[in-house]
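Note: the block below is model_31.txt and it holds compact mmCIF, C-alpha atoms.
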```txt
# COMPACT_ATOMS: atom_id res chain seq x y z
CA MET A 1300 -6.42 -11.48 -4.86
CA ILE A 1301 -8.91 -8.63 -4.87
CA GLU A 1302 -10.19 -7.55 -8.27
CA ILE A 1303 -12.12 -4.30 -8.71
CA LYS A 1304 -13.71 -4.30 -12.13
CA GLY A 1305 -15.33 -1.17 -13.57
CA VAL A 1306 -17.04 -0.22 -10.29
CA THR A 1307 -19.47 2.69 -10.35
CA LYS A 1308 -21.36 3.73 -7.21
CA ARG A 1309 -23.96 6.50 -7.01
CA PHE A 1310 -25.89 8.10 -4.18
CA ASP A 1311 -28.92 9.77 -5.76
CA GLU A 1312 -27.43 12.41 -8.08
CA ILE A 1313 -23.91 12.06 -6.71
CA THR A 1314 -21.46 9.71 -8.43
CA ALA A 1315 -19.00 8.64 -5.73
CA LEU A 1316 -17.09 6.17 -7.93
CA GLN A 1317 -16.88 6.14 -11.70
CA ASN A 1318 -15.65 3.04 -13.55
CA VAL A 1319 -12.92 2.21 -11.01
CA SER A 1320 -10.68 -0.75 -11.81
CA ALA A 1321 -7.72 -2.02 -9.78
CA SER A 1322 -6.26 -5.23 -8.43
CA VAL A 1323 -4.63 -6.03 -5.10
CA GLU A 1324 -2.11 -8.85 -5.15
CA GLU A 1325 -1.76 -11.14 -2.14
CA GLY A 1326 1.07 -10.44 0.29
CA GLN A 1327 1.41 -6.76 -0.63
CA VAL A 1328 0.51 -3.56 1.16
CA PHE A 1329 -1.75 -1.58 -1.13
CA GLY A 1330 -1.90 2.15 -0.40
CA LEU A 1331 -5.00 3.98 -1.57
CA ILE A 1332 -4.32 7.72 -1.72
CA GLY A 1333 -6.92 10.44 -2.08
CA THR A 1334 -8.23 13.65 -0.55
CA ASN A 1335 -11.40 13.75 1.52
CA GLY A 1336 -14.35 13.15 -0.78
CA SER A 1337 -12.32 11.35 -3.43
CA GLY A 1338 -14.23 8.09 -2.86
CA LYS A 1339 -11.79 6.10 -0.71
CA SER A 1340 -14.32 5.08 1.95
CA THR A 1341 -16.96 4.27 -0.66
CA LEU A 1342 -14.51 2.06 -2.53
CA LEU A 1343 -13.52 0.19 0.62
CA ARG A 1344 -17.17 -0.38 1.47
CA CYS A 1345 -17.71 -1.83 -1.98
CA VAL A 1346 -14.67 -4.07 -1.53
CA CYS A 1347 -15.94 -5.51 1.76
CA GLY A 1348 -19.49 -5.94 0.44
CA ILE A 1349 -21.31 -3.23 2.38
CA TYR A 1350 -22.25 -1.35 -0.80
CA ARG A 1351 -23.47 -2.88 -4.03
CA PRO A 1352 -22.14 -1.05 -7.09
CA GLU A 1353 -24.58 0.13 -9.75
CA GLU A 1354 -22.07 -1.08 -12.32
CA GLY A 1355 -19.10 -3.45 -12.19
CA GLU A 1356 -18.16 -5.89 -9.45
CA VAL A 1357 -15.61 -6.70 -6.77
CA LEU A 1358 -14.13 -10.20 -6.61
CA ILE A 1359 -12.40 -11.68 -3.55
CA ASP A 1360 -10.32 -14.67 -4.65
CA GLY A 1361 -12.56 -15.03 -7.66
CA GLU A 1362 -15.87 -14.72 -5.78
CA SER A 1363 -18.23 -11.77 -5.95
CA VAL A 1364 -18.20 -10.17 -2.51
CA TYR A 1365 -21.64 -8.60 -2.35
CA ASP A 1366 -24.17 -10.75 -0.47
CA ASN A 1367 -21.61 -13.56 -0.24
CA PRO A 1368 -20.72 -14.66 3.33
CA SER A 1369 -17.87 -16.85 2.06
CA ALA A 1370 -16.08 -13.93 0.41
CA LYS A 1371 -16.91 -11.48 3.19
CA SER A 1372 -15.37 -13.78 5.81
CA LYS A 1373 -11.96 -13.12 4.22
CA VAL A 1374 -12.17 -9.36 4.80
CA PHE A 1375 -12.14 -7.18 7.93
CA TYR A 1376 -12.99 -3.51 7.45
CA ILE A 1377 -11.72 -0.85 9.85
CA SER A 1378 -13.71 2.28 9.11
CA ASP A 1379 -12.58 5.80 9.89
CA ASP A 1380 -15.28 5.88 12.57
CA GLN A 1381 -15.53 2.28 13.76
CA TYR A 1382 -18.80 1.16 15.34
CA PHE A 1383 -18.77 -0.04 18.93
CA PHE A 1384 -21.65 -1.19 21.13
CA VAL A 1385 -23.13 1.50 23.38
CA ASN A 1386 -21.57 1.02 26.83
CA GLY A 1387 -19.68 -1.96 25.42
CA THR A 1388 -16.19 -3.11 26.39
CA PRO A 1389 -13.44 -4.52 24.15
CA MET A 1390 -14.43 -8.01 25.28
CA ASP A 1391 -18.01 -7.38 24.17
CA MET A 1392 -16.65 -6.59 20.70
CA VAL A 1393 -14.52 -9.73 20.78
CA HIS A 1394 -17.55 -11.89 21.50
CA PHE A 1395 -19.43 -10.19 18.66
CA TYR A 1396 -16.69 -10.68 16.10
CA GLN A 1397 -16.20 -14.28 17.14
CA THR A 1398 -19.67 -14.97 15.76
CA ALA A 1399 -18.69 -13.48 12.38
CA TYR A 1400 -15.08 -14.69 12.09
CA GLN A 1401 -14.42 -18.32 12.93
CA ASN A 1402 -10.67 -17.79 13.13
CA PHE A 1403 -10.84 -14.92 15.61
CA ASP A 1404 -7.88 -15.38 17.99
CA GLU A 1405 -8.95 -14.19 21.44
CA GLU A 1406 -5.62 -15.07 23.02
CA ARG A 1407 -3.79 -13.02 20.40
CA PHE A 1408 -6.15 -10.10 21.01
CA LEU A 1409 -5.56 -10.15 24.78
CA LYS A 1410 -1.79 -10.18 24.32
CA LEU A 1411 -1.92 -7.25 21.91
CA MET A 1412 -4.16 -5.23 24.22
CA GLU A 1413 -1.84 -5.95 27.14
CA THR A 1414 1.13 -4.76 25.10
CA LEU A 1415 -0.70 -1.50 24.34
CA LYS A 1416 -1.82 -1.21 27.98
CA LEU A 1417 -5.49 -1.04 27.00
CA ASP A 1418 -8.00 -2.35 29.56
CA VAL A 1419 -10.25 -4.97 27.91
CA LYS A 1420 -12.92 -4.50 30.60
CA ARG A 1421 -13.11 -0.72 30.37
CA LYS A 1422 -16.06 0.84 28.53
CA ILE A 1423 -15.03 1.90 25.06
CA ASN A 1424 -16.93 5.20 25.26
CA THR A 1425 -14.30 6.31 27.81
CA PHE A 1426 -11.46 5.65 25.34
CA SER A 1427 -9.75 8.50 23.52
CA LYS A 1428 -9.87 8.67 19.71
CA GLY A 1429 -6.39 7.20 19.47
CA MET A 1430 -7.24 4.36 21.86
CA LYS A 1431 -10.33 3.50 19.79
CA LYS A 1432 -8.16 3.42 16.67
CA GLN A 1433 -5.76 1.03 18.38
CA LEU A 1434 -8.63 -1.18 19.52
CA SER A 1435 -10.02 -1.31 15.98
CA VAL A 1436 -6.68 -2.46 14.60
CA MET A 1437 -6.24 -5.12 17.30
CA LEU A 1438 -9.71 -6.47 16.55
CA GLY A 1439 -8.95 -6.49 12.84
CA VAL A 1440 -5.62 -8.28 13.21
CA SER A 1441 -7.07 -10.82 15.64
CA ALA A 1442 -9.97 -11.64 13.32
CA GLY A 1443 -7.56 -13.73 11.27
CA THR A 1444 -8.85 -12.59 7.90
CA LYS A 1445 -6.80 -12.71 4.74
CA TYR A 1446 -7.48 -9.07 3.86
CA LEU A 1447 -7.55 -6.06 6.20
CA LEU A 1448 -9.10 -2.82 4.93
CA CYS A 1449 -7.94 0.26 6.82
CA ASP A 1450 -9.64 3.63 6.33
CA GLU A 1451 -7.49 6.48 7.73
CA THR A 1452 -6.29 4.02 10.38
CA PHE A 1453 -3.20 6.02 11.31
CA ASP A 1454 -5.08 9.28 11.75
CA GLY A 1455 -5.00 10.35 15.41
CA LEU A 1456 -2.21 7.98 16.42
CA ASP A 1457 1.06 9.19 17.91
CA PRO A 1458 4.25 8.37 15.96
CA VAL A 1459 5.32 5.53 18.28
CA ILE A 1460 2.00 3.69 18.05
CA ARG A 1461 1.81 4.35 14.31
CA GLN A 1462 5.17 2.68 13.77
CA ALA A 1463 4.24 -0.19 16.09
CA ILE A 1464 1.11 -0.91 14.04
CA LYS A 1465 3.08 -0.85 10.79
CA SER A 1466 5.51 -3.34 12.32
CA LEU A 1467 2.57 -5.49 13.40
CA PHE A 1468 1.21 -5.51 9.85
CA ILE A 1469 4.58 -6.59 8.48
CA LYS A 1470 4.79 -9.42 11.04
CA GLU A 1471 1.28 -10.61 10.20
CA MET A 1472 2.17 -10.56 6.51
CA ALA A 1473 5.21 -12.73 7.14
CA ASP A 1474 3.50 -15.11 9.58
CA ARG A 1475 0.16 -15.75 7.86
CA GLY A 1476 0.05 -13.87 4.57
CA LEU A 1477 -2.06 -10.87 5.62
CA THR A 1478 -2.78 -8.39 2.82
CA PRO A 1479 -3.52 -4.87 4.12
CA ILE A 1480 -5.19 -2.15 2.07
CA ILE A 1481 -4.56 1.23 3.68
CA ALA A 1482 -6.52 4.29 2.57
CA SER A 1483 -5.15 7.68 3.56
CA HIS A 1484 -4.97 11.31 2.47
CA ASN A 1485 -1.45 11.52 3.90
CA LEU A 1486 1.29 10.25 1.59
CA ARG A 1487 3.95 10.36 4.30
CA GLU A 1488 2.04 7.81 6.40
CA LEU A 1489 2.33 5.21 3.64
CA GLU A 1490 5.75 5.78 2.15
CA ASP A 1491 7.63 3.33 4.38
CA ILE A 1492 5.16 0.44 4.20
CA CYS A 1493 3.40 0.28 0.82
CA ASP A 1494 4.42 -1.99 -2.06
CA HIS A 1495 1.75 -0.72 -4.44
CA VAL A 1496 -0.07 2.61 -4.53
CA GLY A 1497 -3.16 3.90 -6.27
CA LEU A 1498 -4.36 7.49 -6.52
CA LEU A 1499 -8.11 8.05 -6.33
CA HIS A 1500 -9.44 11.42 -7.46
CA GLU A 1501 -13.03 12.53 -7.97
CA GLY A 1502 -14.27 8.95 -7.97
CA GLY A 1503 -11.74 7.54 -10.42
CA ILE A 1504 -8.29 5.95 -10.19
CA LEU A 1505 -5.72 8.14 -11.92
CA PHE A 1506 -3.09 5.43 -11.74
CA SER A 1507 -2.18 2.29 -9.80
CA LYS A 1508 1.48 1.29 -9.79
CA ASP A 1509 4.11 -0.73 -8.01
CA LEU A 1510 6.07 1.67 -5.83
CA ASP A 1511 9.49 0.24 -6.69
CA SER A 1512 8.85 0.48 -10.42
CA MET A 1513 7.68 4.07 -10.00
CA LYS A 1514 10.99 4.95 -8.40
CA LEU A 1515 13.01 3.44 -11.23
CA GLY A 1516 14.21 5.89 -13.84
CA ILE A 1517 13.12 9.07 -12.10
CA PHE A 1518 15.46 11.29 -10.09
CA LYS A 1519 15.82 14.66 -8.43
CA LEU A 1520 18.99 16.44 -9.50
CA GLN A 1521 20.35 19.43 -7.59
CA CYS A 1522 23.15 21.23 -9.36
CA VAL A 1523 25.07 24.46 -9.79
CA LEU A 1524 26.04 24.69 -13.44
CA ARG A 1525 28.86 26.62 -15.04
CA SER A 1526 26.66 27.98 -17.83
CA PRO A 1527 22.90 28.63 -18.17
CA GLU A 1528 23.09 26.77 -21.48
CA ASP A 1529 23.99 23.56 -19.61
CA VAL A 1530 20.35 23.19 -18.52
CA ASN A 1531 19.41 22.96 -22.18
CA ARG A 1532 22.00 20.22 -22.68
CA ILE A 1533 20.43 18.25 -19.83
CA ALA A 1534 16.95 18.78 -21.30
CA GLU A 1535 18.12 17.52 -24.69
CA GLN A 1536 19.08 14.16 -23.20
CA PHE A 1537 16.54 13.65 -20.41
CA PRO A 1538 12.84 14.49 -20.08
CA ILE A 1539 12.54 17.14 -17.36
CA LEU A 1540 9.36 16.79 -15.33
CA ASN A 1541 9.91 19.74 -13.02
CA ARG A 1542 12.38 22.59 -12.74
CA GLU A 1543 13.06 25.01 -9.89
CA THR A 1544 15.77 27.63 -9.57
CA THR A 1545 16.90 29.29 -6.35
CA GLY A 1546 19.81 31.63 -6.95
CA THR A 1547 22.51 29.56 -8.64
CA LEU A 1548 21.01 26.24 -7.49
CA THR A 1549 18.89 24.41 -10.06
CA THR A 1550 16.67 21.49 -9.02
CA LEU A 1551 15.43 19.18 -11.76
CA THR A 1552 13.11 16.19 -11.62
CA LEU A 1553 14.00 14.08 -14.62
CA ARG A 1554 13.72 10.64 -16.17
CA GLY A 1555 16.68 8.58 -17.27
CA LYS A 1556 19.32 6.06 -16.28
CA SER A 1557 21.64 6.97 -13.42
CA SER A 1558 24.65 5.82 -15.49
CA ASP A 1559 23.71 8.17 -18.35
CA ILE A 1560 23.21 11.05 -15.92
CA ALA A 1561 26.66 10.35 -14.43
CA LYS A 1562 28.22 10.51 -17.92
CA LEU A 1563 26.66 13.90 -18.53
CA GLN A 1564 28.05 15.11 -15.21
CA LEU A 1565 31.55 14.31 -16.43
CA GLU A 1566 30.92 16.25 -19.63
CA LEU A 1567 29.48 19.35 -17.95
CA GLN A 1568 31.90 19.50 -15.02
CA PRO A 1569 29.39 21.37 -12.81
CA VAL A 1570 30.32 23.34 -9.69
CA PHE A 1571 27.89 21.16 -7.70
CA TRP A 1572 25.95 18.03 -8.68
CA GLU A 1573 23.90 15.70 -6.46
CA LEU A 1574 21.40 13.01 -7.41
CA LEU A 1575 18.76 12.48 -4.71
CA PRO A 1576 16.05 9.84 -4.15
CA LEU A 1577 12.49 11.01 -4.54
CA THR A 1578 9.86 10.86 -1.82
CA LEU A 1579 6.49 9.26 -2.54
CA GLU A 1580 4.93 12.72 -2.69
CA GLU A 1581 7.44 13.90 -5.28
CA ILE A 1582 6.82 10.78 -7.37
CA PHE A 1583 3.09 11.45 -7.37
CA ILE A 1584 3.63 15.10 -8.28
CA SER A 1585 5.75 14.16 -11.27
CA GLU A 1586 3.40 11.39 -12.42
CA MET A 1587 0.37 13.65 -12.19
CA GLU A 1588 2.02 16.54 -13.99
CA VAL A 1589 2.72 14.15 -16.85
CA LYS A 1590 -1.02 13.40 -16.93
CA GLY A 1591 -1.82 17.13 -16.96
CA TYR A 1592 -3.07 17.46 -13.38
CA ASP A 1593 -2.18 20.29 -11.04
CA PHE A 1594 -1.20 18.32 -7.93
CA SER A 1595 -1.57 21.30 -5.59
CA LYS A 1596 -5.28 21.50 -6.36
CA ILE A 1597 -6.16 17.89 -5.58
CA TYR A 1598 -3.83 16.95 -2.75
CA GLU A 1599 -3.08 18.70 0.51
```
Transcribe the structure of this file into structure tokens.
Amino acid sequence: MIEIKGVTKRFDEITALQNVSASVEEGQVFGLIGTNGSGKSTLLRCVCGIYRPEEGEVLIDGESVYDNPSAKSKVFYISDDQYFFVNGTPMDMVHFYQTAYQNFDEERFLKLMETLKLDVKRKINTFSKGMKKQLSVMLGVSAGTKYLLCDETFDGLDPVIRQAIKSLFIKEMADRGLTPIIASHNLRELEDICDHVGLLHEGGILFSKDLDSMKLGIFKLQCVLRSPEDVNRIAEQFPILNRETTGTLTTLTLRGKSSDIAKLQLELQPVFWELLPLTLEEIFISEMEVKGYDFSKIYE
């Protein structure tokens, strides 16, 4: 388990993180959402022990991670701009990481690279951005660590490779209990893989919640009602988080039980009525509006 306790990190006059607290349970995919400059990379660097917070601490399985080789050996960090040796090859990086990670699986790495058709003897500086991203992930998976920190890992990857890497993460979770933490500014990249999500904004976590529990009790209702007053009847029974009207079609984001909403449908006898599942983006919009934030200003 990773525990982030009241972490504050400053760079001169700039406060990158302010009293951030969160926990990452083992065997889950934790999605860290935030725009550029929200503090995602800084937080990940604190988690893997690169940065020492001015306040608070990060614990890896109960051990403080900073200046602690035992805790650090459980974490592999894939930065947005991963470092590679000048004129180095993938095999040069393998030999380097083998000195840092005792469980590095070279055979596994070679098989993965062969599957992706990446030449392990080719100089990395001739790789495209997407190829370097793939190499970083293969190194991270092969390191055999318990936790894998991914900073904008899917950025620059084509849809096929992106899905292949997600499938690889799921397999590693099932086979050896890998726990990935994936930071991204793109909600759609994380919707189909994350179990738990946290939203980081201006150096602080707005909320951190289990994705399944977030989806419970919140719905998007599209309806054509027989009377304008029927909207008021809906609002009397269910908290409405968002309302949009296009012609005769009304779209409501509301909280409640699906059985109670179905009962109201029978009472109102609408012309059209459809209850739809919410996307991760719509869930975040509704949650943030409840907290008084204008989602459009902090997420693109």
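Between atom CA of Ser1557 of chain A and atom CA of Arg1487 of chain A the separation is 25.3 Å.
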**Report entry** Distance in Å - atom CA of Ile1464 of chain A versus atom CA of Lys1432 of chain A
**Finding:**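 Pair atom CA of Ile1464 of chain A / atom CA of Lys1432 of chain A returns 10.6 Å.
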Requested in this report: Can you work out which one of A:Cys1449, A:Ala1482, A:Ile1359, A:Leu1434 has the shortest atom-to-atom distance to Thr1388 of chain A, counting all atoms listed in the file?
Outcome: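 Comparing A:Cys1449, A:Ala1482, A:Ile1359, A:Leu1434 against Thr1388 of chain A, the winner is A:Leu1434.
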Requested in this report: Check the smallest atom-to-atom distance from each of A:Leu1316, A:Leu1417, A:Ile1377, A:Ile1533 to Tyr1350 of chain A using all atoms listed in the file, then report the winner.
Outcome: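 Nearest candidate to Tyr1350 of chain A out of A:Leu1316, A:Leu1417, A:Ile1377, A:Ile1533: A:Leu1316.
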Requested in this report: To one decimal in Å, tell me the separation between atom CA of Leu1577 of chain A and atom CA of Arg1461 of chain A.
Outcome: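 Spanning atom CA of Leu1577 of chain A to atom CA of Arg1461 of chain A is a straight-line distance of 22.7 Å.
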Query raised in the report: Of the residues A:Phe1310, A:Gly1326, A:Leu1489, A:Thr1547, which is the one nearest to Asp1474 of chain A, using all atoms listed in the file?
Result: A:Gly1326
Rows by chain and residue number, segment 1410-1519 of chain A within 7 Å of segment 1389-1405 of chain A, shortest pair, all atoms listed in the file, as a Markdown table:
```
| residue | atom | partner | partner_atom | distance |
| --- | --- | --- | --- | --- |
| A:Val1419 | CA | A:Pro1389 | CA | 5.0 |
| A:Lys1420 | CA | A:Pro1389 | CA | 6.5 |
| A:Ile1423 | CA | A:Pro1389 | CA | 6.7 |
| A:Ser1441 | CA | A:Asp1404 | CA | 5.2 |
| A:Ala1442 | CA | A:Phe1403 | CA | 4.1 |
| A:Gly1443 | CA | A:Asn1402 | CA | 5.4 |
```
**Report entry** Option closest in space to Tyr1365 of chain A, from A:Ser1512, A:Glu1353, A:Val1530, A:Val1346 [counting only C-alpha atoms]
**Finding:** A:Val1346
Report task. Would you please work out which residue, of A:Asn1386, A:Thr1549, A:Thr1307, A:Asn1335, is nearest to Val1570 of chain A when using all atoms listed in the file? Result -> A:Thr1549
Report summary line: Counting all atoms listed in the file, the residue among A:Asp1509, A:Val1374, A:Thr1544, A:Gly1497 that lies closest to Lys1339 of chain A is A:Gly1497
Query - Spatial neighbours of Ser1507 of chain A, max dist 12 Å, all atoms listed in the file, sep filter under 3 positions, as a PyMOL selection string - result: chain A and resi 1303+1319-1323+1329-1332+1494-1500+1503-1504+1510+1512-1513+1583+1586-1587
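For Gln1327 of chain A, the set of protein, DNA and RNA residues having any atom at most 9 Å away, when counting all atoms listed in the file and skipping those fewer than 6 positions along the same chain, is Met1472, Gly1476, Leu1477, Thr1478, Pro1479, Ile1480, Cys1493, Asp1494 and His1495 of chain A.
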Box centre and edge lengths (Å, one decimal), axis-aligned, segment 1332-1335 of chain A plus 3 Å each side, as JSON:
```
{"center_x": -7.9, "center_y": 10.7, "center_z": -0.3, "size_x": 13.1, "size_y": 12.0, "size_z": 9.6}
```
Query raised in the report: Can you tell me, as a list in words, what residues are no more than 10 Å from Gly1502 of chain A when counting only C-alpha atoms, ignoring any on the same chain fewer than 6 positions away?
Result: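 Near Gly1502 of chain A, the qualifying residues are Val1306, Thr1307, Lys1308, Thr1314, Ala1315, Leu1316, Gln1317, Asn1318, Val1319, Gly1333, Gly1336, Ser1337, Gly1338, Lys1339, Thr1341 and Leu1342 of chain A.
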Hey, could you patch up segment 1538-1557 of chain A with N, CA and C atoms and hand it over as a PDB file, in the frame of the given file?
```pdb
ATOM      1  N   PRO A1538      14.102  13.779 -20.295  1.00  0.00           N
ATOM      2  CA  PRO A1538      12.840  14.490 -20.080  1.00  0.00           C
ATOM      3  C   PRO A1538      12.803  15.130 -18.694  1.00  0.00           C
ATOM      4  N   ILE A1539      12.594  16.434 -18.642  1.00  0.00           N
ATOM      5  CA  ILE A1539      12.540  17.140 -17.360  1.00  0.00           C
ATOM      6  C   ILE A1539      11.071  17.304 -16.957  1.00  0.00           C
ATOM      7  N   LEU A1540      10.732  16.749 -15.816  1.00  0.00           N
ATOM      8  CA  LEU A1540       9.360  16.790 -15.330  1.00  0.00           C
ATOM      9  C   LEU A1540       9.070  18.033 -14.511  1.00  0.00           C
ATOM     10  N   ASN A1541      10.102  18.540 -13.858  1.00  0.00           N
ATOM     11  CA  ASN A1541       9.910  19.740 -13.020  1.00  0.00           C
ATOM     12  C   ASN A1541      11.243  20.467 -12.905  1.00  0.00           C
ATOM     13  N   ARG A1542      11.153  21.792 -12.845  1.00  0.00           N
ATOM     14  CA  ARG A1542      12.380  22.590 -12.740  1.00  0.00           C
ATOM     15  C   ARG A1542      12.166  23.749 -11.778  1.00  0.00           C
ATOM     16  N   GLU A1543      13.093  23.906 -10.848  1.00  0.00           N
ATOM     17  CA  GLU A1543      13.060  25.010  -9.890  1.00  0.00           C
ATOM     18  C   GLU A1543      14.458  25.618  -9.809  1.00  0.00           C
ATOM     19  N   THR A1544      14.497  26.943  -9.686  1.00  0.00           N
ATOM     20  CA  THR A1544      15.770  27.630  -9.570  1.00  0.00           C
ATOM     21  C   THR A1544      15.752  28.565  -8.375  1.00  0.00           C
ATOM     22  N   THR A1545      16.733  28.409  -7.509  1.00  0.00           N
ATOM     23  CA  THR A1545      16.900  29.290  -6.350  1.00  0.00           C
ATOM     24  C   THR A1545      18.324  29.816  -6.378  1.00  0.00           C
ATOM     25  N   GLY A1546      18.471  31.068  -6.786  1.00  0.00           N
ATOM     26  CA  GLY A1546      19.810  31.630  -6.950  1.00  0.00           C
ATOM     27  C   GLY A1546      20.555  30.867  -8.026  1.00  0.00           C
ATOM     28  N   THR A1547      21.725  30.333  -7.674  1.00  0.00           N
ATOM     29  CA  THR A1547      22.510  29.560  -8.640  1.00  0.00           C
ATOM     30  C   THR A1547      22.170  28.065  -8.615  1.00  0.00           C
ATOM     31  N   LEU A1548      21.352  27.655  -7.632  1.00  0.00           N
ATOM     32  CA  LEU A1548      21.010  26.240  -7.490  1.00  0.00           C
ATOM     33  C   LEU A1548      19.799  25.885  -8.361  1.00  0.00           C
ATOM     34  N   THR A1549      19.975  24.915  -9.210  1.00  0.00           N
ATOM     35  CA  THR A1549      18.890  24.410 -10.060  1.00  0.00           C
ATOM     36  C   THR A1549      18.496  23.018  -9.592  1.00  0.00           C
ATOM     37  N   THR A1550      17.184  22.804  -9.415  1.00  0.00           N
ATOM     38  CA  THR A1550      16.670  21.490  -9.020  1.00  0.00           C
ATOM     39  C   THR A1550      15.788  20.964 -10.136  1.00  0.00           C
ATOM     40  N   LEU A1551      16.143  19.794 -10.638  1.00  0.00           N
ATOM     41  CA  LEU A1551      15.430  19.180 -11.760  1.00  0.00           C
ATOM     42  C   LEU A1551      14.889  17.815 -11.350  1.00  0.00           C
ATOM     43  N   THR A1552      13.654  17.550 -11.707  1.00  0.00           N
ATOM     44  CA  THR A1552      13.110  16.190 -11.620  1.00  0.00           C
ATOM     45  C   THR A1552      13.106  15.649 -13.032  1.00  0.00           C
ATOM     46  N   LEU A1553      13.834  14.560 -13.253  1.00  0.00           N
ATOM     47  CA  LEU A1553      14.000  14.080 -14.620  1.00  0.00           C
ATOM     48  C   LEU A1553      13.953  12.564 -14.694  1.00  0.00           C
ATOM     49  N   ARG A1554      13.730  12.070 -15.910  1.00  0.00           N
ATOM     50  CA  ARG A1554      13.720  10.640 -16.170  1.00  0.00           C
ATOM     51  C   ARG A1554      14.990  10.242 -16.912  1.00  0.00           C
ATOM     52  N   GLY A1555      15.496   9.066 -16.580  1.00  0.00           N
ATOM     53  CA  GLY A1555      16.680   8.580 -17.270  1.00  0.00           C
ATOM     54  C   GLY A1555      17.398   7.529 -16.445  1.00  0.00           C
ATOM     55  N   LYS A1556      18.504   7.022 -16.990  1.00  0.00           N
ATOM     56  CA  LYS A1556      19.320   6.060 -16.280  1.00  0.00           C
ATOM     57  C   LYS A1556      20.392   6.788 -15.480  1.00  0.00           C
ATOM     58  N   SER A1557      20.649   6.308 -14.275  1.00  0.00           N
ATOM     59  CA  SER A1557      21.640   6.970 -13.420  1.00  0.00           C
ATOM     60  C   SER A1557      23.016   6.951 -14.070  1.00  0.00           C
TER      61      SER A1557
END
```
